[in-house]
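Worksheet for the structure shown next.
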Amino acid sequence: MARAALRTALLLPLLLAACAPAIGPRPPTSAVAPPADWRTDLSATGSIDARWWTRFGDPQLAALVEQARANNVDLAIAAARVAEARAQERVARSLLLPSLSVGGPAAEARSLNAFGVATESFAAQPAFQASYELDLFGRNAAQVDAAHANAAAVAAAREAAMLSVSAATASGYVTLLALDERRTLLKETLTSRGEALRIARDRAEAGYTSQLELRQAEAEYRAAEQQIPAIEAAIARQENALSLLAGDAPHAIARGGDFDALTAPAVPDLLPSDLVRRRPDIAQAEYALAATDANLRAARAQFLPQIRLSGSAGAVISSALSDPVGIWSIGGSILAPLFQGGRLQGQFDAATAQRDQAAFAYRKTVLTAFREVEDQLALIDRLGVQENALVAQRAAVAGALRHAMNRYRAGYSPYLEQIEAQRALLAVDVQLIQLRADRLNAYVALYQALGGGAPG
């Protein structure tokens, strides 16, 4: 009879295993294949350097990026999250090991016996206990796999944050030098319009021109003058933003050179198929998908029995005994779910839906990565064409200004023609500075879109 009961207990897990739901495949539409090549051909010849920000030719830019990578507060938070995830992984791994504990309850008492005589007694029961769950159906192993994948996803998120901070710092520094260039341009414009105002005042006092031309010259001077404080405020804000990225209080940012000294790096030679292995956000999405796969296996294992073994050994020490008495016990248990009101099925369905969400999230991340690279390649290409046209436009506007000045001095045209030509030249110069800054920032964004300097 006992053997039959034991045989039934051993066959129960196998019988219940047939009742567990099957894990379905990932949605076919969540798969993604990289294109053969990029849409925009820029004749890429460069290689990706781990310290790609040094290729812009400014030592202060490189130093600022290194400082941000070392001291940025968001990166410190991300590092703490990695430590937390790895600690949680160690907690999950403990499920695969036996649980050992030791205890020693003891008591000493004084009481009266039936004859009214006081007696003292002492008793202790030290014991060593052990328990272990046989992970026959992989529930604990799946939880360990999920924790490991989650820790890897958090580590990849930290790498993505590192790349984002590096790119934001490099882009912020480029923008800062562009603002410096605009301030220099405005100061030069203010100087030239100040000279024009002096000439107009002298001519008005001598009666050669009317008060209209004098007021027009003064208005143009004030128009240039009022733009300088706005640029200086923008420079201060940009320096404060860079200080925060570098993990420091707001302060002035040192410059390694001027705006014109910045060089555009070469476009890296990288195929779309290589991008999937480089981007940390893609690695994060892949690890997150692996974690949901493991969680789904753990949810399926909830339908199956849990088998636990336990044992203890110790001794009874008492003043009522002449010698300690050894005690021990060995046992086990099988706990199998029979009716849970749909809870286990609901958990399994939810885990399946989370796995499918992670699969589509991975597809979206990969497609977004392809789009970001394509966007920056197209932007670099078109901004280069636009810059050539803008340089030609500047030459034409500068020539128009020279003719307007000569005509005005010869008395053939009113002062308004010269003013309009000066305005046009200033607008083109400002646009040219902004366009060059946009193109340099597009290179920064390209390196970020390509995953930085090293494979993830």
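Naming scheme: A, B, ... for chains in displayed order of the structure tokens; residues 1 onward per chain; ligands 1 onward as shown.
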Near Trp38 in chain A, counting only C-alpha atoms, which residues have an atom at most 12 Å away, once you skip same-chain residues fewer than 5 positions from it, shown as a PDB file with N, CA and C atoms, in the first residue's frame?
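The new file result_19.pdb reads:
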ATOM      1  N   SER A  43      29.945  58.246 -49.389  1.00  0.00           N
ATOM      2  CA  SER A  43      31.309  57.732 -49.599  1.00  0.00           C
ATOM      3  C   SER A  43      32.042  57.625 -48.271  1.00  0.00           C
ATOM      4  N   ALA A  44      31.464  56.874 -47.356  1.00  0.00           N
ATOM      5  CA  ALA A  44      32.027  56.731 -46.018  1.00  0.00           C
ATOM      6  C   ALA A  44      33.380  56.045 -46.086  1.00  0.00           C
ATOM      7  N   ASP A 269      32.373  54.161 -41.916  1.00  0.00           N
ATOM      8  CA  ASP A 269      31.970  53.122 -42.859  1.00  0.00           C
ATOM      9  C   ASP A 269      31.340  51.987 -42.065  1.00  0.00           C
ATOM     10  N   LEU A 270      30.028  51.970 -42.015  1.00  0.00           N
ATOM     11  CA  LEU A 270      29.310  50.995 -41.199  1.00  0.00           C
ATOM     12  C   LEU A 270      28.037  50.581 -41.922  1.00  0.00           C
ATOM     13  N   LEU A 271      27.800  49.285 -42.032  1.00  0.00           N
ATOM     14  CA  LEU A 271      26.613  48.769 -42.702  1.00  0.00           C
ATOM     15  C   LEU A 271      25.437  48.697 -41.732  1.00  0.00           C
ATOM     16  N   PRO A 272      24.213  48.737 -42.255  1.00  0.00           N
ATOM     17  CA  PRO A 272      23.050  48.623 -41.365  1.00  0.00           C
ATOM     18  C   PRO A 272      23.046  47.348 -40.531  1.00  0.00           C
ATOM     19  N   SER A 273      23.555  46.254 -41.087  1.00  0.00           N
ATOM     20  CA  SER A 273      23.588  45.007 -40.324  1.00  0.00           C
ATOM     21  C   SER A 273      24.506  45.096 -39.118  1.00  0.00           C
ATOM     22  N   ASP A 274      25.529  45.943 -39.188  1.00  0.00           N
ATOM     23  CA  ASP A 274      26.438  46.115 -38.050  1.00  0.00           C
ATOM     24  C   ASP A 274      25.812  46.977 -36.954  1.00  0.00           C
ATOM     25  N   LEU A 275      24.846  47.790 -37.336  1.00  0.00           N
ATOM     26  CA  LEU A 275      24.261  48.725 -36.372  1.00  0.00           C
ATOM     27  C   LEU A 275      23.555  47.987 -35.234  1.00  0.00           C
ATOM     28  N   PHE A 370      17.618  52.611 -37.500  1.00  0.00           N
ATOM     29  CA  PHE A 370      17.868  52.787 -38.932  1.00  0.00           C
ATOM     30  C   PHE A 370      17.429  54.176 -39.387  1.00  0.00           C
ATOM     31  N   ARG A 371      16.280  54.612 -38.906  1.00  0.00           N
ATOM     32  CA  ARG A 371      15.767  55.922 -39.317  1.00  0.00           C
ATOM     33  C   ARG A 371      16.691  57.046 -38.832  1.00  0.00           C
ATOM     34  N   GLU A 372      17.169  56.961 -37.586  1.00  0.00           N
ATOM     35  CA  GLU A 372      18.017  58.026 -37.053  1.00  0.00           C
ATOM     36  C   GLU A 372      19.316  58.152 -37.843  1.00  0.00           C
ATOM     37  N   VAL A 373      19.903  57.035 -38.227  1.00  0.00           N
ATOM     38  CA  VAL A 373      21.121  57.100 -39.041  1.00  0.00           C
ATOM     39  C   VAL A 373      20.807  57.704 -40.407  1.00  0.00           C
ATOM     40  N   GLU A 374      19.727  57.248 -41.028  1.00  0.00           N
ATOM     41  CA  GLU A 374      19.354  57.778 -42.338  1.00  0.00           C
ATOM     42  C   GLU A 374      19.084  59.279 -42.266  1.00  0.00           C
ATOM     43  N   ASP A 375      18.414  59.718 -41.199  1.00  0.00           N
ATOM     44  CA  ASP A 375      18.120  61.146 -41.039  1.00  0.00           C
ATOM     45  C   ASP A 375      19.396  61.966 -41.005  1.00  0.00           C
ATOM     46  N   GLN A 376      20.374  61.523 -40.237  1.00  0.00           N
ATOM     47  CA  GLN A 376      21.609  62.304 -40.099  1.00  0.00           C
ATOM     48  C   GLN A 376      22.450  62.255 -41.365  1.00  0.00           C
ATOM     49  N   LEU A 377      22.468  61.116 -42.038  1.00  0.00           N
ATOM     50  CA  LEU A 377      23.197  61.048 -43.311  1.00  0.00           C
ATOM     51  C   LEU A 377      22.590  62.000 -44.337  1.00  0.00           C
ATOM     52  N   ALA A 378      21.260  62.001 -44.430  1.00  0.00           N
ATOM     53  CA  ALA A 378      20.594  62.915 -45.370  1.00  0.00           C
ATOM     54  C   ALA A 378      20.822  64.365 -44.967  1.00  0.00           C
TER      55      ALA A 378
END
Legend entry - Shell around Ala123 in chain A at 7 Å using only C-alpha atoms, local window under 3 positions removed, as a list in words: Ala106, Ala107, Glu108, Ile317, Ser318 and Ser319 of chain A
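For the atom pair formed by CA of Val428 in chain A and CA of Thr175 in chain A, the distance is 18.0 Å, given to one decimal.
Using only C-alpha atoms, the nearest neighbour of Leu390 in chain A within the list A:Ile433, A:Val32, A:Glu133, A:Ala147 is A:Ile433.
Near Val73 in chain A, within a cut-off of 10 Å and counting only C-alpha atoms, sit the residues Ala68, Arg69, Ala70, Asn71, Leu75, Ala76, Ile77, Ala78, Ala79, Leu244, Leu245, Ala246, Gly247 and Asp248 of chain A, with same-chain residues fewer than 2 positions away left out.
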Legend entry - Nearest candidate to Val154 in chain A (options A:Pro280, A:Gly256, A:Gly342, A:Gly314; using only C-alpha atoms): A:Pro280
Inset, instruction - Name the residues of range 36-235 of chain A that fall into alpha helix (DSSP H) according to DSSP on the backbone, using the chain letters and numbers of this document, as an NGL selection string. - result: :A and (59-71 or 73-93 or 139-206 or 211-235)
When DSSP works through the backbone of this structure, what residues of range 69-292 of chain A end up as strand (DSSP E or B), shown as a PDB file with C-alpha atoms, in the first residue's frame?
ATOM      1  CA  SER A  99      18.662  27.122   2.496  1.00  0.00           C
ATOM      2  CA  LEU A 100      20.681  26.427   5.643  1.00  0.00           C
ATOM      3  CA  SER A 101      19.984  27.735   9.129  1.00  0.00           C
ATOM      4  CA  VAL A 102      20.920  27.017  12.691  1.00  0.00           C
ATOM      5  CA  GLY A 103      19.063  27.729  15.898  1.00  0.00           C
ATOM      6  CA  ALA A 106      17.194  27.512  25.510  1.00  0.00           C
ATOM      7  CA  ALA A 107      15.389  28.159  28.766  1.00  0.00           C
ATOM      8  CA  GLU A 108      16.172  28.133  32.475  1.00  0.00           C
ATOM      9  CA  ALA A 109      13.394  27.945  35.077  1.00  0.00           C
ATOM     10  CA  ARG A 110      12.841  27.881  38.856  1.00  0.00           C
ATOM     11  CA  SER A 111       9.642  26.320  40.245  1.00  0.00           C
ATOM     12  CA  LEU A 112       8.093  24.586  43.235  1.00  0.00           C
ATOM     13  CA  ALA A 118      12.161  24.966  44.975  1.00  0.00           C
ATOM     14  CA  THR A 119      13.838  23.348  41.980  1.00  0.00           C
ATOM     15  CA  GLU A 120      15.794  24.757  39.049  1.00  0.00           C
ATOM     16  CA  SER A 121      15.896  23.292  35.556  1.00  0.00           C
ATOM     17  CA  PHE A 122      17.657  24.019  32.265  1.00  0.00           C
ATOM     18  CA  ALA A 123      16.744  22.897  28.747  1.00  0.00           C
ATOM     19  CA  ALA A 124      18.221  23.650  25.299  1.00  0.00           C
ATOM     20  CA  ALA A 127      19.355  22.318  15.761  1.00  0.00           C
ATOM     21  CA  PHE A 128      20.682  22.575  12.221  1.00  0.00           C
ATOM     22  CA  GLN A 129      18.018  22.871   9.494  1.00  0.00           C
ATOM     23  CA  ALA A 130      18.245  22.585   5.703  1.00  0.00           C
ATOM     24  CA  SER A 131      15.678  22.911   2.933  1.00  0.00           C
ATOM     25  CA  TYR A 132      15.900  22.694  -0.824  1.00  0.00           C
ATOM     26  CA  GLU A 133      13.453  22.932  -3.702  1.00  0.00           C
ATOM     27  CA  LEU A 134      14.002  20.525  -6.562  1.00  0.00           C
ATOM     28  CA  PRO A 268      32.124  56.092 -40.521  1.00  0.00           C
TER      29      PRO A 268
END
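Residues with any atom within 9 Å of Leu186 in chain A, counting only C-alpha atoms and excluding same-chain neighbours fewer than 2 positions away, are Glu181, Arg182, Arg183, Thr184, Glu188, Thr189, Leu190, Thr191, Ala224, Glu225, Gln227, Ile228 and Leu426 of chain A.
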Using only C-alpha atoms, please write the residues we just selected to a file, as a PDB file, in the first residue's frame.
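Once written, selection29.pdb looks like this:
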ATOM      1  CA  GLU A 181      30.749  83.451 -33.289  1.00  0.00           C
ATOM      2  CA  ARG A 182      27.397  85.209 -33.515  1.00  0.00           C
ATOM      3  CA  ARG A 183      28.393  87.562 -30.698  1.00  0.00           C
ATOM      4  CA  THR A 184      31.639  88.390 -32.499  1.00  0.00           C
ATOM      5  CA  GLU A 188      31.761  93.761 -35.617  1.00  0.00           C
ATOM      6  CA  THR A 189      28.425  94.832 -37.090  1.00  0.00           C
ATOM      7  CA  LEU A 190      27.929  97.252 -34.204  1.00  0.00           C
ATOM      8  CA  THR A 191      31.376  98.732 -34.833  1.00  0.00           C
ATOM      9  CA  ALA A 224      22.502  95.725 -33.690  1.00  0.00           C
ATOM     10  CA  GLU A 225      23.193  96.910 -30.153  1.00  0.00           C
ATOM     11  CA  GLN A 227      20.920  91.880 -30.078  1.00  0.00           C
ATOM     12  CA  ILE A 228      24.184  91.564 -28.148  1.00  0.00           C
ATOM     13  CA  LEU A 426      24.028  90.220 -41.542  1.00  0.00           C
TER      14      LEU A 426
END
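Here CA of Pro126 in chain A is placed at a distance of 16.9 Å from CA of Ser322 in chain A.
The closest residue to Ala87 in chain A, picked from A:Ala421, A:Asp135, A:His148, A:Ser47 and counting only C-alpha atoms, is A:His148.
CA of Thr365 in chain A sits 16.5 Å away from CA of Pro28 in chain A.
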Counting only C-alpha atoms, what are the residues of range 243-337 of chain A within 10 Å of range 48-65 of chain A, and for each of them which pair of atoms is the nearest and at what distance in Å, to one decimal? Sort the table by chain and rising number, as CSV.
residue,atom,partner,partner_atom,distance
A:Ser243,CA,A:Leu64,CA,9.1
A:Leu245,CA,A:Val65,CA,8.9
A:Ala246,CA,A:Leu64,CA,6.9
A:Ile253,CA,A:Leu64,CA,8.9
A:Ala254,CA,A:Gln60,CA,7.0
A:Arg255,CA,A:Gln60,CA,6.0
A:Gly256,CA,A:Gln60,CA,4.5
A:Gly257,CA,A:Asp58,CA,6.4
A:Asp258,CA,A:Asp58,CA,8.9
A:Phe259,CA,A:Asp58,CA,9.6
A:Ala261,CA,A:Gly57,CA,7.4
A:Leu262,CA,A:Phe56,CA,5.6
A:Thr263,CA,A:Phe56,CA,4.9
A:Ala264,CA,A:Phe56,CA,5.9
A:Pro265,CA,A:Arg55,CA,5.6
A:Ala266,CA,A:Arg55,CA,8.5
A:Val267,CA,A:Ile48,CA,8.7
A:Pro268,CA,A:Ile48,CA,5.8
A:Asp269,CA,A:Ile48,CA,8.0
A:Leu270,CA,A:Ile48,CA,8.6
Inset, instruction - Within 10 Å of Asn441 in chain A, counting only C-alpha atoms, which residues show up once you throw out same-chain ones fewer than 6 positions away? Write them as a ChimeraX atom specification, please. - result: /A:167-168,170-175,264,376,380,435,447
Legend entry - Leu335 in chain A surroundings by only C-alpha atoms, 9 Å radius, close-in-sequence under 2 positions cut, as a list in words: Leu304, Pro305, Gln306, Ile307, Arg308, Ser333 and Pro337 of chain A
